[in-house]
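Enquirer: One structure coming up, written as structure tokens, with questions to follow.
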Amino acid sequence: MSELERTFLVDAPPSRPLSLLLLEDSALDAQLISARFEEAGLDVRLVRVDSQTGFTQALEGCPFDLILSDYNVPGFDGLAALSAARSACPDTPFVFVSGALGEERAIELLKRGATDYVLKDRLERLVPCVARALREAEGELRRKRAEEALRKSEERYALAIRATFDTIWDWDLETDFLHWNDTLQQVFGYTPEQFGSHPDHWAERVHPEERERVVQGLRGAIGSSAEHWMAEYRFLCADGAWRHVLDRGYIVREPGGRPVRMVGAMQDISERKRTEEERQRLLQEAHRRSEFEQQLMGIVSHDLRNPLSAILMAGTLLLRHQDTQPWQTKIVTRIMSSADRAHRMIRDLLDFTQARLGGGIPVSPAPLDLHELAAQVVEEARTAHPGRELLLLRTGDGLGRWDADRIAQVLSNILGNALRHGLEGTPVRVETEGLEAQVLLRVHNLGAPIPADLLPHLFEPLTRGGTRPGHSDRSIGLGLYIVRQIVLAHGGQVEVHSTTDAGTTFTVRLPRLADARPASTDEARST
């Protein structure tokens with residue numbers, strides 16, 4: 001046995017025995033053939049059949065690595081056996097082992113698909129012949145697999161191009177030849193012949209304002225160690241129109257790093273660009289409109305304060321007049337109540353405008369006892385709501401630095417909501433609790449809970465909570481938004497919990513040493 005045959009069949013044997021099918025009607029010849037494999041030290045599983053029926057059945061499923069066949073089998077000649085094997089197992093090597101074969105017949109058998117032939121009086125050629133047949137079969141199998149993989153790869157490539165509608169280019173950096181696929185004409189209107197195959201033909205169609213940037217960036221990527229290049233630019237189409245494109249390329253380099261090839265895809269992103277530009281235009285327009293509306297709101301609200309102040313002052317003078325009749329007093333009181341409510345609404349509108357346009361609500365912290373401030377606000381509420389029970393609980397140290405007017409506005413707003421939405425006949429509780437680094441302010445009432453879907457948006461502008469049956473909601477929906485902005489300006493937090501059993505509790509957390517820090521515009525708008 002040659003060294004090559006030994007390496008293929010002995011030194012590197014397969015992980016399982018070689019499976020051979022032998023069509024032979026002579027038991028003695030079959031033993032001689034088997035003995036040749038044993039002498040060569042090969043692990044072979046030899047299946048012998050001696051008829052057409054046995055041969056056909058054995059071929060089912062093609063479980064064999066190689067087929068050996070006598071040419072002359074009673075009732076079944078070698079040509080028919082070869083035809084059956086090629087039909088059932090087209091990739092399995094087929095070797096004739098026969099007593100006599102003429103040259104012309106041997107050539108005909110090889111043309112019909114036989115791998116080789118061995119004469120029975122020269123069986124020393126059997127093992128080398130089998131080794132060569134197996135090597136050729138393995139090589140042919142690898143070639144077919146490679147061709148199939150290439151076919152699938154090319155198919156995937158073609159399908160990917162159809163799916164993306166990108167224009168694919170392939171640049172040979174050594175010859176400066178630039179190849180374009182057919183999508184160039186479909187997208188940009190050029191045939192490859194019209195466009196040209198030199199990179200300068202591409203560069204000439206890059207917009208003049210962007211050409212230097214794009215070309216220099218491409219050259220820089222090729223001259224560096226980079227693998228990828230990408231650029232956005234305007235590209236001239238065959239019809240004279242400019243289109244926005246996104247161009248990306250991959251640089252192929254030799255092991256030493258020298259660039260030899262570049263493959264890329266140019267994508268038309270004009271529609272996406274137009275959509276982005278339209279979106280930006282609409283956003284800017286909406287922003288300008290919002291700012292104008294808020295400025296107008298602030299101007300109108302500010303100018304309304306003067307006539308409302310005059311109404312309140314005139315009403316006060318009328319009530320002090322001793323000759324005022326009871327019915328006149330009732331009318332004036334109603335006028336003053338409405339004017340006062342309008343005054344509070346205007347104050348909320350001005351605060352809202354300040355928060356949205358001025359970067360937050362300004363505060364001026366000064367030494368303050370929160371316990372005393374809460375007592376004042378609660379006493380004012382008792383005077384305005386004589387039929388309601390108000391409880392005040394104070395614990396710990398209430399001293400800190402806060403803006404007294406603004407914190408009073410916070411407590412008045414929350415307490416007013418509790419009185420307005422709380423259940424009649426139940427108390428409203430106000431608590432101030434001094435902790436080590438902060439003071440807590442809580443307002444609690446019983447009644448219908450705030451809807452769960454409303455809770456996450458309760459502190460957003462123009463949001464109203466539910467009202468009790470029979471009560472109208474005269475709020476414009478800015479109170480709690482302003483509450484949050486004032487608390488944020490003090491560096492604090494405000495939260496709410498509301499359930500059917502526990503009722504509704506607003507909790508304000510104020511650090512004792514608050515700095516004058518208006519809520520940022522972004523923070524204000526996020527609410």
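Labeling convention for the structure tokens: chains A, B, ... as they appear, residues from 1 per chain, ligands from 1 in order of appearance.
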What lies within 6 Å of segment 448-450 of chain A using only C-alpha atoms, ignoring chain neighbours under 4 positions off, as a list of chain:residue names?
Expert: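 The residues that qualify are A:Ser498, A:Thr499, A:Thr500.
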Enquirer: Residues of the last selection are to be written out with N, CA and C atoms, as a PDB file, in the first residue's frame.
Expert:
ATOM      1  N   SER A 498     -53.996  57.725  47.648  1.00  0.00           N
ATOM      2  CA  SER A 498     -55.448  57.829  47.736  1.00  0.00           C
ATOM      3  C   SER A 498     -56.076  56.456  47.547  1.00  0.00           C
ATOM      4  N   THR A 499     -56.811  55.995  48.578  1.00  0.00           N
ATOM      5  CA  THR A 499     -57.550  54.736  48.503  1.00  0.00           C
ATOM      6  C   THR A 499     -58.917  54.932  49.136  1.00  0.00           C
ATOM      7  N   THR A 500     -59.802  53.992  48.876  1.00  0.00           N
ATOM      8  CA  THR A 500     -61.158  54.081  49.425  1.00  0.00           C
ATOM      9  C   THR A 500     -61.145  53.989  50.942  1.00  0.00           C
TER      10      THR A 500
END
Enquirer: I'd like the neighbourhood of Leu20 of chain A as a count of residues only, where a residue qualifies if any of its atoms comes within 9 Å (using only C-alpha atoms), though same-chain residues fewer than 6 positions away should be ignored.
Expert: 11
Enquirer: With a distance cut-off of 8 Å and only C-alpha atoms, select the neighbouring residues of Leu393 of chain A, excluding the residue or stretch itself and same-chain residues fewer than 3 positions from it, and output the selection as a PyMOL selection string.
Expert: chain A and resi 429-432
Enquirer: For atom CA of Arg132 of chain A and atom CA of Thr92 of chain A, determine how far apart the two atoms are, in Å to one decimal place.
Expert: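 Going from atom CA of Arg132 of chain A over to atom CA of Thr92 of chain A covers 13.0 Å.
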Enquirer: Using only C-alpha atoms, which of the listed residues (A:Ile107, A:Leu390, A:Leu218, A:Val439) sits closest to His490 of chain A?
Expert: A:Val439
Enquirer: At a cut-off of 10 Å, using only C-alpha atoms, what residues contact Arg122 of chain A? Leave out same-chain residues fewer than 3 positions from it and give the result as a list in words.
Expert: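 Residues near the query, excluding close chain neighbours: Val97, Ser98, Gly99, Val118, Leu119, Arg125 and Leu126 of chain A.
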Enquirer: Please produce an output containing C-alpha atoms for each residue in the selection, written as a short mmCIF file (atom, residue, chain, number, x, y, z; two decimals), in the first residue's frame.
Expert:
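Resulting contents of again16.cif:
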data_model
loop_
_atom_site.label_atom_id
_atom_site.label_comp_id
_atom_site.auth_asym_id
_atom_site.auth_seq_id
_atom_site.Cartn_x
_atom_site.Cartn_y
_atom_site.Cartn_z
CA VAL A 97 -14.54 -5.95 -9.66
CA SER A 98 -14.85 -8.39 -12.53
CA GLY A 99 -13.09 -11.36 -14.06
CA VAL A 118 -10.41 -3.76 -10.91
CA LEU A 119 -9.83 -7.17 -12.49
CA ARG A 125 -5.05 -2.94 -7.00
CA LEU A 126 -8.30 -3.12 -5.03
#
Enquirer: Which residue is closest to Pro365 of chain A? Choose from A:Trp180, A:Tyr117, A:Phe235, A:Trp402 and count only C-alpha atoms.
Expert: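 Checking each of A:Trp180, A:Tyr117, A:Phe235, A:Trp402 against Pro365 of chain A, counting only C-alpha atoms, the winner is A:Trp402.
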Enquirer: Rank nothing, just name the residue among A:Ser34, A:Ser225, A:Arg135, A:Arg388 nearest to Pro255 of chain A, using only C-alpha atoms.
Expert: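 Checking each candidate against Pro255 of chain A, we get A:Ser225 as the closest.
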